[in-house]
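Next comes input_22.tsv, a file with TSV, C-alpha atoms and all ligand atoms.
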chain	number	residue	atom	x	y	z
A	583	MET	CA	-4.76	-29.89	-7.18
A	584	SER	CA	-4.82	-33.03	-9.26
A	585	ASP	CA	-5.82	-32.81	-12.93
A	586	ASN	CA	-9.12	-34.57	-12.55
A	587	LYS	CA	-10.24	-32.48	-9.59
A	588	ARG	CA	-12.73	-29.64	-9.76
A	589	TYR	CA	-11.12	-26.25	-9.08
A	590	THR	CA	-12.13	-25.34	-5.54
A	591	GLY	CA	-10.45	-22.02	-4.94
A	592	LEU	CA	-7.03	-20.64	-4.17
A	593	ILE	CA	-6.73	-21.79	-0.56
A	594	ASP	CA	-7.19	-25.38	-1.63
A	595	ARG	CA	-4.79	-24.96	-4.54
A	596	TYR	CA	-2.03	-23.36	-2.48
A	597	ARG	CA	-2.89	-24.79	0.93
A	598	ASN	CA	0.72	-25.74	1.77
A	599	ARG	CA	1.64	-22.04	1.54
A	600	LEU	CA	-1.33	-20.66	3.47
A	601	PRO	CA	-2.30	-20.60	7.15
A	602	VAL	CA	-4.82	-23.46	7.12
A	603	THR	CA	-4.87	-27.09	8.22
A	604	ASP	CA	-6.74	-30.05	6.76
A	605	ALA	CA	-9.45	-29.46	9.39
A	606	THR	CA	-10.06	-25.81	8.47
A	607	ARG	CA	-13.50	-25.00	7.04
A	608	LEU	CA	-12.71	-23.12	3.85
A	609	ILE	CA	-15.00	-20.22	2.96
A	610	SER	CA	-14.56	-20.17	-0.79
A	611	LEU	CA	-16.45	-19.13	-3.92
A	612	GLY	CA	-13.92	-20.62	-6.34
A	613	GLU	CA	-11.83	-17.43	-6.48
A	614	GLY	CA	-8.44	-17.15	-8.18
A	615	ASN	CA	-7.25	-18.99	-11.29
A	616	THR	CA	-7.88	-15.82	-13.32
A	617	PRO	CA	-6.75	-15.44	-16.95
A	618	LEU	CA	-3.34	-14.05	-17.86
A	619	VAL	CA	-4.12	-12.49	-21.21
A	620	LYS	CA	-1.34	-11.46	-23.58
A	621	LEU	CA	-2.13	-8.15	-25.24
A	622	GLU	CA	-1.79	-8.21	-29.02
A	623	ASN	CA	-3.06	-5.01	-30.56
A	624	ILE	CA	-1.85	-2.39	-28.10
A	625	PRO	CA	1.86	-3.42	-28.17
A	626	ALA	CA	1.73	-3.63	-31.99
A	627	GLU	CA	0.34	-0.08	-32.20
A	628	LEU	CA	2.95	1.07	-29.71
A	629	GLY	CA	5.72	-0.34	-31.91
A	630	LYS	CA	7.60	-1.70	-28.91
A	631	ALA	CA	8.79	-5.27	-28.53
A	632	VAL	CA	7.46	-6.12	-25.09
A	633	ASP	CA	5.51	-9.12	-23.85
A	634	LEU	CA	2.63	-7.35	-22.17
A	635	TYR	CA	0.15	-9.40	-20.16
A	636	ILE	CA	-2.83	-8.45	-18.08
A	637	LYS	CA	-3.90	-10.48	-15.07
A	638	TYR	CA	-7.67	-10.18	-15.32
A	639	GLU	CA	-8.67	-10.06	-11.65
A	640	GLY	CA	-12.08	-8.69	-12.57
A	641	LEU	CA	-13.03	-12.29	-13.31
A	642	ASN	CA	-13.04	-13.27	-9.65
A	643	PRO	CA	-16.47	-14.21	-8.18
A	644	THR	CA	-17.37	-10.70	-7.01
A	645	GLY	CA	-15.50	-9.02	-9.83
A	646	SER	CA	-12.29	-7.93	-8.13
A	647	PHE	CA	-9.01	-9.15	-6.64
A	648	LYS	CA	-10.44	-8.61	-3.16
A	649	ASP	CA	-11.89	-12.13	-3.28
A	650	ARG	CA	-8.38	-13.57	-2.96
A	651	GLY	CA	-7.88	-11.81	0.33
A	652	MET	CA	-11.43	-12.21	1.53
A	653	THR	CA	-11.54	-16.01	1.21
A	654	MET	CA	-8.52	-16.19	3.52
A	655	ALA	CA	-9.63	-13.46	5.95
A	656	VAL	CA	-13.15	-14.86	6.34
A	657	THR	CA	-11.87	-18.43	6.60
A	658	GLN	CA	-9.62	-17.27	9.46
A	659	ALA	CA	-12.37	-15.19	11.10
A	660	VAL	CA	-14.70	-18.20	11.11
A	661	ALA	CA	-11.92	-20.44	12.44
A	662	GLU	CA	-11.51	-17.99	15.33
A	663	GLY	CA	-15.25	-18.10	16.04
A	664	SER	CA	-16.02	-14.61	14.80
A	665	LYS	CA	-19.68	-13.90	14.07
A	666	ALA	CA	-19.19	-10.58	12.30
A	667	ILE	CA	-16.69	-8.85	10.04
A	668	ILE	CA	-16.24	-5.17	9.32
A	669	CYS	CA	-14.43	-3.08	6.73
A	670	ALA	CA	-14.15	0.42	5.36
A	671	SER	CA	-14.25	0.40	1.61
A	672	THR	CA	-14.19	2.31	-1.64
A	673	GLY	CA	-16.53	-0.43	-2.84
A	674	ASN	CA	-14.81	-3.64	-3.87
A	675	THR	CA	-13.80	-4.76	-0.39
A	676	SER	CA	-17.37	-4.22	0.77
A	677	ALA	CA	-18.72	-6.31	-2.12
A	678	ALA	CA	-16.32	-9.15	-1.33
A	679	ALA	CA	-16.91	-8.94	2.43
A	680	ALA	CA	-20.66	-9.06	1.88
A	681	ALA	CA	-20.46	-12.11	-0.39
A	682	TYR	CA	-18.06	-14.15	1.75
A	683	ALA	CA	-19.97	-13.29	4.93
A	684	ALA	CA	-23.14	-14.55	3.25
A	685	ARG	CA	-21.35	-17.76	2.31
A	686	ALA	CA	-20.05	-18.19	5.86
A	687	GLY	CA	-23.38	-17.33	7.52
A	688	ILE	CA	-21.98	-14.38	9.47
A	689	THR	CA	-22.72	-10.63	9.40
A	690	ALA	CA	-20.79	-8.05	7.37
A	691	PHE	CA	-20.71	-4.39	8.36
A	692	VAL	CA	-19.36	-2.11	5.66
A	693	LEU	CA	-18.51	1.61	5.92
A	694	ILE	CA	-18.54	3.41	2.59
A	695	PRO	CA	-18.05	7.05	1.60
A	696	GLU	CA	-21.50	8.45	0.78
A	697	GLY	CA	-21.96	9.04	-2.96
A	698	LYS	CA	-18.41	7.99	-3.83
A	699	ILE	CA	-18.66	4.32	-4.66
A	700	ALA	CA	-19.52	2.86	-8.03
A	701	LEU	CA	-23.09	1.64	-8.45
A	702	GLY	CA	-22.28	-2.03	-9.09
A	703	LYS	CA	-20.33	-2.29	-5.84
A	704	LEU	CA	-23.14	-0.73	-3.82
A	705	ALA	CA	-25.60	-3.16	-5.42
A	706	GLN	CA	-23.39	-6.09	-4.41
A	707	ALA	CA	-23.03	-5.04	-0.78
A	708	MET	CA	-26.79	-4.54	-0.52
A	709	ILE	CA	-27.99	-7.69	-2.28
A	710	HIS	CA	-25.64	-9.93	-0.29
A	711	GLY	CA	-27.20	-8.55	2.87
A	712	ALA	CA	-24.36	-6.56	4.39
A	713	VAL	CA	-25.21	-3.83	6.86
A	714	VAL	CA	-24.21	-0.82	4.77
A	715	ILE	CA	-23.19	2.25	6.75
A	716	GLN	CA	-22.63	5.30	4.56
A	717	ILE	CA	-20.44	7.93	6.17
A	718	ARG	CA	-20.24	11.61	5.38
A	719	GLY	CA	-16.53	11.37	4.86
A	720	ASN	CA	-13.98	9.62	2.68
A	721	PHE	CA	-12.39	6.15	2.82
A	722	ASP	CA	-9.60	7.31	5.12
A	723	ALA	CA	-12.12	8.58	7.69
A	724	GLY	CA	-13.98	5.27	7.43
A	725	MET	CA	-10.80	3.29	7.96
A	726	ALA	CA	-9.96	5.27	11.11
A	727	LEU	CA	-13.48	4.62	12.44
A	728	VAL	CA	-13.31	0.90	11.70
A	729	LYS	CA	-10.05	0.55	13.64
A	730	GLU	CA	-11.57	2.40	16.57
A	731	VAL	CA	-14.88	0.55	16.64
A	732	ALA	CA	-13.19	-2.86	16.43
A	733	ASP	CA	-11.75	-2.18	19.89
A	734	HIS	CA	-15.28	-1.72	21.23
A	735	ALA	CA	-17.35	-4.36	19.41
A	736	PRO	CA	-16.95	-8.09	18.63
A	737	VAL	CA	-16.10	-7.67	14.95
A	738	THR	CA	-13.11	-8.82	12.89
A	739	ILE	CA	-11.56	-6.22	10.58
A	740	VAL	CA	-11.17	-7.58	7.04
A	741	ASN	CA	-9.39	-4.63	5.48
A	742	SER	CA	-5.87	-5.34	4.25
A	743	ILE	CA	-4.42	-4.42	7.67
A	744	ASN	CA	-5.63	-7.95	8.47
A	745	PRO	CA	-2.50	-9.95	7.53
A	746	TYR	CA	-4.58	-12.91	6.34
A	747	ARG	CA	-5.89	-10.71	3.50
A	748	LEU	CA	-2.42	-10.31	2.05
A	749	GLN	CA	-1.73	-14.02	2.44
A	750	GLY	CA	-4.69	-14.74	0.18
A	751	GLN	CA	-3.74	-12.04	-2.29
A	752	LYS	CA	-0.14	-13.25	-2.64
A	753	THR	CA	-1.47	-16.22	-4.64
A	754	ALA	CA	-1.91	-13.99	-7.70
A	755	ALA	CA	1.90	-13.90	-7.95
A	756	PHE	CA	2.05	-17.70	-7.60
A	757	GLU	CA	-0.40	-18.11	-10.48
A	758	ILE	CA	1.62	-15.81	-12.73
A	759	VAL	CA	4.89	-17.65	-12.07
A	760	ASP	CA	3.17	-21.03	-12.45
A	761	GLU	CA	1.83	-19.94	-15.82
A	762	LEU	CA	4.86	-18.11	-17.25
A	763	GLY	CA	7.37	-20.55	-15.78
A	764	LYS	CA	9.21	-17.62	-14.21
A	765	ALA	CA	8.54	-14.22	-12.70
A	766	PRO	CA	7.94	-11.39	-15.19
A	767	ASP	CA	10.55	-8.61	-15.43
A	768	PHE	CA	8.06	-5.96	-14.33
A	769	HIS	CA	4.77	-6.13	-12.44
A	770	CYS	CA	2.58	-3.02	-12.56
A	771	LEU	CA	-0.35	-2.36	-10.23
A	772	PRO	CA	-2.73	0.43	-9.29
A	773	VAL	CA	-2.03	1.57	-5.74
A	774	GLY	CA	-4.56	2.78	-3.18
A	775	ASN	CA	-4.04	1.37	0.30
A	776	ALA	CA	-0.97	-0.43	-1.13
A	777	GLY	CA	-2.05	-3.82	0.21
A	778	ASN	CA	-2.10	-5.52	-3.17
A	779	ILE	CA	1.36	-4.44	-4.32
A	780	THR	CA	2.63	-5.65	-0.95
A	781	ALA	CA	0.81	-8.97	-1.28
A	782	HIS	CA	2.24	-9.57	-4.75
A	783	TRP	CA	5.75	-8.93	-3.50
A	784	ILE	CA	5.19	-11.35	-0.62
A	785	GLY	CA	4.09	-13.98	-3.15
A	786	TYR	CA	6.97	-13.40	-5.55
A	787	SER	CA	9.45	-13.42	-2.68
A	788	GLU	CA	8.07	-16.64	-1.26
A	789	TYR	CA	8.27	-18.33	-4.67
A	790	ALA	CA	11.87	-17.14	-4.98
A	791	GLY	CA	12.67	-18.63	-1.56
A	792	GLN	CA	13.27	-15.22	0.00
A	793	SER	CA	11.74	-13.43	2.94
A	794	THR	CA	10.75	-9.79	2.80
A	795	ALA	CA	10.29	-6.97	5.27
A	796	ALA	CA	6.89	-6.44	3.65
A	797	CYS	CA	5.48	-9.66	5.15
A	798	ALA	CA	3.94	-9.63	8.62
A	799	PHE	CA	4.23	-13.41	8.77
A	800	CYS	CA	7.85	-13.56	7.56
A	801	GLU	CA	9.73	-11.14	9.74
A	802	GLY	CA	12.78	-13.34	9.60
A	803	SER	CA	11.37	-16.79	10.23
A	804	CYS	CA	8.25	-17.62	8.29
A	805	LYS	CA	6.11	-20.53	9.34
A	806	PHE	CA	4.96	-21.29	5.81
A	807	GLU	CA	6.76	-23.30	3.20
A	808	HIS	CA	9.26	-21.13	1.33
A	809	ALA	CA	10.61	-23.73	-1.05
A	810	ALA	CA	11.86	-21.82	-4.07
A	811	VAL	CA	10.01	-22.39	-7.33
A	812	THR	CA	11.88	-19.83	-9.41
A	813	ALA	CA	15.00	-17.73	-9.05
A	814	GLY	CA	13.91	-14.20	-9.84
A	815	ARG	CA	11.54	-11.55	-8.62
A	816	PRO	CA	10.07	-8.74	-10.74
A	817	THR	CA	10.59	-5.02	-10.46
A	818	MET	CA	7.42	-3.75	-8.81
A	819	VAL	CA	5.81	-0.59	-10.16
A	820	GLY	CA	2.90	1.16	-8.46
A	821	TYR	CA	0.77	3.76	-10.19
A	822	GLN	CA	-1.52	6.15	-8.35
A	823	ALA	CA	-4.19	8.57	-9.53
A	824	ALA	CA	-2.67	12.05	-9.62
A	825	GLY	CA	-5.23	13.51	-7.21
A	826	SER	CA	-4.65	10.68	-4.73
A	827	ALA	CA	-0.93	10.07	-4.88
A	828	PRO	CA	0.62	10.09	-1.39
A	829	PHE	CA	3.52	7.88	-2.53
A	830	MET	CA	4.46	10.56	-5.05
A	831	ARG	CA	4.05	13.40	-2.56
A	832	GLY	CA	6.06	11.50	0.06
A	833	GLU	CA	3.35	12.18	2.64
A	834	MET	CA	-0.31	11.52	3.35
A	835	VAL	CA	-2.89	13.41	1.29
A	836	ASP	CA	-5.91	14.72	3.17
A	837	ASN	CA	-8.47	15.34	0.43
A	838	PRO	CA	-7.83	12.75	-2.30
A	839	GLU	CA	-9.83	13.11	-5.52
A	840	THR	CA	-10.02	11.01	-8.67
A	841	ILE	CA	-12.55	9.55	-11.08
A	842	ALA	CA	-11.04	6.18	-10.13
A	843	THR	CA	-13.03	6.02	-6.90
A	844	ALA	CA	-11.58	2.62	-5.95
A	845	ILE	CA	-8.20	4.27	-5.31
A	846	ARG	CA	-9.47	7.54	-3.87
A	847	ILE	CA	-7.27	7.04	-0.81
A	848	GLY	CA	-4.91	9.56	0.78
A	849	HIS	CA	-3.72	7.64	3.84
A	850	PRO	CA	-2.53	4.21	2.64
A	851	GLN	CA	-2.57	1.59	5.38
A	852	SER	CA	0.40	-0.36	3.96
A	853	TRP	CA	2.64	2.73	3.71
A	854	ASP	CA	5.84	1.27	5.23
A	855	ARG	CA	5.41	-2.15	3.63
A	856	ALA	CA	4.94	-0.63	0.17
A	857	TRP	CA	8.13	1.41	0.55
A	858	SER	CA	9.89	-1.86	1.45
A	859	VAL	CA	8.53	-3.36	-1.77
A	860	GLN	CA	9.80	-0.42	-3.79
A	861	LYS	CA	13.27	-0.60	-2.24
A	862	GLU	CA	13.68	-4.38	-2.27
A	863	SER	CA	12.45	-4.74	-5.85
A	864	GLY	CA	14.23	-1.68	-7.25
A	865	GLY	CA	10.88	-0.40	-8.49
A	866	TRP	CA	9.14	2.95	-8.47
A	867	PHE	CA	5.85	4.78	-7.95
A	868	ASP	CA	4.31	7.15	-10.45
A	869	GLU	CA	1.03	8.89	-11.02
A	870	CYS	CA	-1.52	9.07	-13.85
A	871	THR	CA	-4.07	11.80	-14.51
A	872	ASP	CA	-7.77	10.94	-14.67
A	873	GLU	CA	-7.62	11.59	-18.43
A	874	GLU	CA	-4.79	9.06	-18.86
A	875	ILE	CA	-6.67	6.52	-16.75
A	876	LEU	CA	-9.88	6.84	-18.77
A	877	ALA	CA	-7.94	6.73	-22.06
A	878	ALA	CA	-6.29	3.46	-20.99
A	879	GLN	CA	-9.66	2.02	-19.97
A	880	LYS	CA	-11.06	2.85	-23.39
A	881	LEU	CA	-7.98	1.53	-25.20
A	882	LEU	CA	-8.33	-1.84	-23.46
A	883	THR	CA	-12.03	-2.12	-24.23
A	884	SER	CA	-11.82	-0.96	-27.84
A	885	ARG	CA	-8.55	-2.62	-28.92
A	886	GLU	CA	-8.34	-5.75	-26.81
A	887	GLY	CA	-11.93	-6.50	-25.76
A	888	ILE	CA	-11.05	-6.25	-22.09
A	889	PHE	CA	-13.30	-4.25	-19.78
A	890	CYS	CA	-11.89	-3.11	-16.44
A	891	GLU	CA	-12.93	-0.42	-14.03
A	892	PRO	CA	-11.09	2.96	-14.11
A	893	ALA	CA	-8.80	2.26	-11.11
A	894	SER	CA	-7.59	-0.93	-12.76
A	895	ALA	CA	-6.69	0.88	-15.97
A	896	THR	CA	-4.19	2.96	-13.99
A	897	SER	CA	-1.71	0.08	-14.19
A	898	VAL	CA	-1.92	0.01	-17.99
A	899	ALA	CA	-1.90	3.81	-18.33
A	900	GLY	CA	1.33	4.00	-16.36
A	901	ALA	CA	2.94	0.96	-17.96
A	902	LEU	CA	2.28	2.21	-21.49
A	903	ARG	CA	3.87	5.54	-20.64
A	904	ASP	CA	6.95	3.82	-19.18
A	905	ILE	CA	7.21	1.41	-22.12
A	906	ARG	CA	6.95	4.31	-24.55
A	907	SER	CA	9.71	6.23	-22.78
A	908	GLY	CA	11.96	3.17	-22.48
A	909	LYS	CA	11.97	3.19	-18.68
A	910	ILE	CA	10.53	-0.29	-19.13
A	911	PRO	CA	12.91	-1.47	-21.87
A	912	GLU	CA	12.11	-3.44	-25.01
A	913	GLY	CA	12.54	-7.16	-24.55
A	914	SER	CA	10.83	-7.06	-21.13
A	915	SER	CA	7.97	-9.19	-19.95
A	916	VAL	CA	5.42	-7.04	-18.14
A	917	VAL	CA	2.32	-8.01	-16.19
A	918	CYS	CA	-0.33	-5.39	-15.39
A	919	THR	CA	-2.97	-6.32	-12.85
A	920	LEU	CA	-6.50	-5.33	-13.84
A	921	THR	CA	-7.95	-5.29	-10.37
A	922	GLY	CA	-11.69	-4.94	-10.98
A	923	HIS	CA	-14.30	-5.58	-13.67
A	924	GLY	CA	-15.62	-2.72	-15.80
A	925	LEU	CA	-19.21	-3.64	-14.99
A	926	LYS	CA	-18.61	-2.40	-11.46
A	927	ASP	CA	-18.89	1.17	-12.69
A	928	PRO	CA	-21.35	1.42	-15.57
A	929	ASP	CA	-21.89	5.16	-15.09
A	930	THR	CA	-18.28	6.07	-15.82
A	931	ALA	CA	-18.19	3.67	-18.78
A	932	ILE	CA	-21.30	5.13	-20.40
A	933	SER	CA	-20.13	8.69	-19.80
A	934	GLN	CA	-16.98	7.85	-21.78
A	935	CYS	CA	-18.90	6.91	-24.91
A	936	ASP	CA	-19.53	9.94	-27.13
A	937	ASP	CA	-21.60	8.17	-29.79
A	938	GLU	CA	-25.34	8.64	-29.49
A	939	LEU	CA	-27.33	5.41	-29.36
A	940	LEU	CA	-29.08	4.78	-32.67
A	941	THR	CA	-32.83	4.50	-32.26
A	942	VAL	CA	-34.79	3.43	-35.33
A	943	ASP	CA	-38.21	2.05	-36.19
A	944	ALA	CA	-38.54	-1.72	-35.87
A	945	GLU	CA	-38.43	-2.18	-39.65
A	946	LEU	CA	-36.00	-3.94	-41.98
A	947	SER	CA	-35.26	-0.83	-44.05
A	948	ALA	CA	-34.48	1.30	-41.01
A	949	VAL	CA	-32.12	-1.30	-39.52
A	950	LYS	CA	-30.48	-1.84	-42.92
A	951	ASP	CA	-29.91	1.91	-43.32
A	952	ALA	CA	-28.42	2.07	-39.85
A	953	ILE	CA	-25.97	-0.71	-40.75
A	954	LEU	CA	-24.97	0.65	-44.14
A	955	SER	CA	-24.41	4.18	-42.87
A	956	ASN	CA	-22.12	2.88	-40.15
A	957	MET	CA	-19.96	0.43	-42.11
A	1001	LIG	N1	-8.06	-1.40	-7.82
A	1001	LIG	C1	-9.30	-1.60	-7.34
A	1001	LIG	C2	-10.37	-1.92	-8.32
A	1001	LIG	C3	-9.56	-1.48	-5.96
A	1001	LIG	O1	-10.79	-1.68	-5.52
A	1001	LIG	C4	-8.50	-1.15	-5.08
A	1001	LIG	C5	-8.75	-0.99	-3.66
A	1001	LIG	C6	-7.23	-0.97	-5.64
A	1001	LIG	C7	-7.05	-1.10	-7.00
A	1001	LIG	C8	-6.05	-0.65	-4.80
A	1001	LIG	O2	-5.60	-1.73	-4.09
A	1001	LIG	O3	-5.70	-0.70	-1.86
A	1001	LIG	O4	-4.49	-2.84	-2.23
A	1001	LIG	O5	-3.59	-0.69	-3.12
A	1001	LIG	N2	-9.89	-0.97	-3.14
A	1001	LIG	C9	-10.18	-0.97	-1.70
A	1001	LIG	C10	-11.65	-1.18	-1.46
A	1001	LIG	C11	-9.58	0.14	-0.96
A	1001	LIG	O6	-12.16	-0.73	-0.42
A	1001	LIG	O7	-12.29	-1.82	-2.26
A	1001	LIG	P1	-4.78	-1.49	-2.73
As structure tokens, the full file:
Amino acid sequence: MSDNKRYTGLIDRYRNRLPVTDATRLISLGEGNTPLVKLENIPAELGKAVDLYIKYEGLNPTGSFKDRGMTMAVTQAVAEGSKAIICASTGNTSAAAAAYAARAGITAFVLIPEGKIALGKLAQAMIHGAVVIQIRGNFDAGMALVKEVADHAPVTIVNSINPYRLQGQKTAAFEIVDELGKAPDFHCLPVGNAGNITAHWIGYSEYAGQSTAACAFCEGSCKFEHAAVTAGRPTMVGYQAAGSAPFMRGEMVDNPETIATAIRIGHPQSWDRAWSVQKESGGWFDECTDEEILAAQKLLTSREGIFCEPASATSVAGALRDIRSGKIPEGSSVVCTLTGHGLKDPDTAISQCDDELLTVDAELSAVKDAILSNM
């Protein structure tokens, strides 16, 4: 991307590292290029000397990191002549699928767990014109159905089992290295299906000139450019919600529960790949309670002015605990991915705010009193 050129999305920016040619029609909404914000107040209050950054993926076009994967998956689906895409979703994938399908002029079918997706995500899927199929079951049941139905109908699956999704999502790691000039020491993510932690590791590995068992395209001899940009790779840390933590249990969980509905997943699709990430990077998995997740969400909004959805705050909840304990040592650079925007889930945000709204008469004295009594 030359300096005087309009930003036209992550495929265009990283096209030499992605499965496209000059002739490919790119289905893009200008995704990627998200801010890497250095936290100031939280580390100071913690009293720990760490460089703590958040990668604000909620600022993608549909408000989550899924856009990175969806631009690539839908671009590929269209290149293959597909007229319809399908996904199971806890909400964000369905929002992204709906938007990119609209852009491409194809149909999106989305399976969502009835009553268990945040309102903003449902609104997105509906307004973009996806065919929304609510199922009386959870995400894992929806995922199993999507895999089955794709064998019987002309639809392309755009969940992260589609390897093009992870190719798009790996660009988040490229952006971080391009901006910091090197890989961070630690990269912390919330884990549901474990596609995103896998994608980040693929990206970091590629930029370090190394292949990884986590990459479906690599498997020894990758066809994409692997020219090294930097020497190191981070330690990858994945945090799950305690009620939905198969990586902590060491086995699938049948009835996952958490307030962080985006990661209410008990049967992660990238199970083996994510274990490869953990082993190759020397990282770990851990879990956070719903209370810790909500506290981290509130801390980010009230101390740093950054609003993410509950699932996203899991990365910060876990990282703060590990920084406090010294497991992530002082002197480290740490990136936490905030995967989705807080506006996705207004209900949970409002229910976290104890203060009553002030309602006063529309008069100067009443407004003045309200101000003075709250200074
Ligand atoms: N954070 C958010 C906001 C998500 O929406 C998801 C996944 C994750 C984290 C976990 O990422 O699955 O790659 O480990 N949401 C999917 C969906 C499942 O359907 O929107 P992962």
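Proximity of A:Val917, A:Ile847, A:Ile636, A:Ala781 to Arg747 (chain A), computed with all atoms listed in the file, is greatest for A:Ala781.
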Students should find that CA of Ala754 (chain A) and CA of Lys637 (chain A) are spaced 8.4 Å
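Minimum atom-to-atom distance to Ala705 (chain A), evaluated using all atoms listed in the file, belongs to A:Thr644 out of A:Thr644, A:Thr843, A:Asn741, A:Thr657.
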Polymer residues at most 12 Å from Met654 (chain A), all atoms listed in the file, same-chain spacing of 5 or more positions, as a ChimeraX atom specification: /A:591-594,596-597,599-602,606-611,613-614,648-649,659-661,678-679,682-683,686,740-742,744-753
Can those selected residues be exported to a file as a short mmCIF file (atom, residue, chain, number, x, y, z; two decimals), keeping the file's coordinate frame so that it contains C-alpha atoms?
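Listed below is the output, part-v6.cif:
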data_model
loop_
_atom_site.label_atom_id
_atom_site.label_comp_id
_atom_site.auth_asym_id
_atom_site.auth_seq_id
_atom_site.Cartn_x
_atom_site.Cartn_y
_atom_site.Cartn_z
CA GLY A 591 -10.45 -22.02 -4.94
CA LEU A 592 -7.03 -20.64 -4.17
CA ILE A 593 -6.73 -21.79 -0.56
CA ASP A 594 -7.19 -25.38 -1.63
CA TYR A 596 -2.03 -23.36 -2.48
CA ARG A 597 -2.89 -24.79 0.93
CA ARG A 599 1.64 -22.04 1.54
CA LEU A 600 -1.33 -20.66 3.47
CA PRO A 601 -2.30 -20.60 7.15
CA VAL A 602 -4.82 -23.46 7.12
CA THR A 606 -10.06 -25.81 8.47
CA ARG A 607 -13.50 -25.00 7.04
CA LEU A 608 -12.71 -23.12 3.85
CA ILE A 609 -15.00 -20.22 2.96
CA SER A 610 -14.56 -20.17 -0.79
CA LEU A 611 -16.45 -19.13 -3.92
CA GLU A 613 -11.83 -17.43 -6.48
CA GLY A 614 -8.44 -17.15 -8.18
CA LYS A 648 -10.44 -8.61 -3.16
CA ASP A 649 -11.89 -12.13 -3.28
CA ALA A 659 -12.37 -15.19 11.10
CA VAL A 660 -14.70 -18.20 11.11
CA ALA A 661 -11.92 -20.44 12.44
CA ALA A 678 -16.32 -9.15 -1.33
CA ALA A 679 -16.91 -8.94 2.43
CA TYR A 682 -18.06 -14.15 1.75
CA ALA A 683 -19.97 -13.29 4.93
CA ALA A 686 -20.05 -18.19 5.86
CA VAL A 740 -11.17 -7.58 7.04
CA ASN A 741 -9.39 -4.63 5.48
CA SER A 742 -5.87 -5.34 4.25
CA ASN A 744 -5.63 -7.95 8.47
CA PRO A 745 -2.50 -9.95 7.53
CA TYR A 746 -4.58 -12.91 6.34
CA ARG A 747 -5.89 -10.71 3.50
CA LEU A 748 -2.42 -10.31 2.05
CA GLN A 749 -1.73 -14.02 2.44
CA GLY A 750 -4.69 -14.74 0.18
CA GLN A 751 -3.74 -12.04 -2.29
CA LYS A 752 -0.14 -13.25 -2.64
CA THR A 753 -1.47 -16.22 -4.64
#
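Closest approach to ligand LIG 1001 (chain A) among A:Gln822, A:Asn674, A:Thr871, A:Thr794 is made by A:Asn674 (distances from only C-alpha atoms and all ligand atoms).
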Distance limit 9 Å, reference ligand LIG 1001 (chain A), atoms considered: all atoms listed in the file. Which residues make the cut? Give them as JSON, numbers by chain. {"A": [639, 640, 645, 646, 647, 648, 669, 670, 671, 672, 673, 674, 675, 676, 677, 678, 694, 703, 721, 741, 742, 748, 771, 772, 773, 774, 775, 776, 777, 778, 779, 780, 781, 820, 822, 842, 843, 844, 845, 846, 847, 850, 851, 852, 890, 891, 892, 893, 894, 895, 896, 919, 920, 921, 922, 923, 926]}
Write the residues of the selection above to a file with C-alpha atoms, as a short mmCIF file (atom, residue, chain, number, x, y, z; two decimals), keeping the file's coordinate frame.
data_model
loop_
_atom_site.label_atom_id
_atom_site.label_comp_id
_atom_site.auth_asym_id
_atom_site.auth_seq_id
_atom_site.Cartn_x
_atom_site.Cartn_y
_atom_site.Cartn_z
CA GLU A 639 -8.67 -10.06 -11.65
CA GLY A 640 -12.08 -8.69 -12.57
CA GLY A 645 -15.50 -9.02 -9.83
CA SER A 646 -12.29 -7.93 -8.13
CA PHE A 647 -9.01 -9.15 -6.64
CA LYS A 648 -10.44 -8.61 -3.16
CA CYS A 669 -14.43 -3.08 6.73
CA ALA A 670 -14.15 0.42 5.36
CA SER A 671 -14.25 0.40 1.61
CA THR A 672 -14.19 2.31 -1.64
CA GLY A 673 -16.53 -0.43 -2.84
CA ASN A 674 -14.81 -3.64 -3.87
CA THR A 675 -13.80 -4.76 -0.39
CA SER A 676 -17.37 -4.22 0.77
CA ALA A 677 -18.72 -6.31 -2.12
CA ALA A 678 -16.32 -9.15 -1.33
CA ILE A 694 -18.54 3.41 2.59
CA LYS A 703 -20.33 -2.29 -5.84
CA PHE A 721 -12.39 6.15 2.82
CA ASN A 741 -9.39 -4.63 5.48
CA SER A 742 -5.87 -5.34 4.25
CA LEU A 748 -2.42 -10.31 2.05
CA LEU A 771 -0.35 -2.36 -10.23
CA PRO A 772 -2.73 0.43 -9.29
CA VAL A 773 -2.03 1.57 -5.74
CA GLY A 774 -4.56 2.78 -3.18
CA ASN A 775 -4.04 1.37 0.30
CA ALA A 776 -0.97 -0.43 -1.13
CA GLY A 777 -2.05 -3.82 0.21
CA ASN A 778 -2.10 -5.52 -3.17
CA ILE A 779 1.36 -4.44 -4.32
CA THR A 780 2.63 -5.65 -0.95
CA ALA A 781 0.81 -8.97 -1.28
CA GLY A 820 2.90 1.16 -8.46
CA GLN A 822 -1.52 6.15 -8.35
CA ALA A 842 -11.04 6.18 -10.13
CA THR A 843 -13.03 6.02 -6.90
CA ALA A 844 -11.58 2.62 -5.95
CA ILE A 845 -8.20 4.27 -5.31
CA ARG A 846 -9.47 7.54 -3.87
CA ILE A 847 -7.27 7.04 -0.81
CA PRO A 850 -2.53 4.21 2.64
CA GLN A 851 -2.57 1.59 5.38
CA SER A 852 0.40 -0.36 3.96
CA CYS A 890 -11.89 -3.11 -16.44
CA GLU A 891 -12.93 -0.42 -14.03
CA PRO A 892 -11.09 2.96 -14.11
CA ALA A 893 -8.80 2.26 -11.11
CA SER A 894 -7.59 -0.93 -12.76
CA ALA A 895 -6.69 0.88 -15.97
CA THR A 896 -4.19 2.96 -13.99
CA THR A 919 -2.97 -6.32 -12.85
CA LEU A 920 -6.50 -5.33 -13.84
CA THR A 921 -7.95 -5.29 -10.37
CA GLY A 922 -11.69 -4.94 -10.98
CA HIS A 923 -14.30 -5.58 -13.67
CA LYS A 926 -18.61 -2.40 -11.46
#
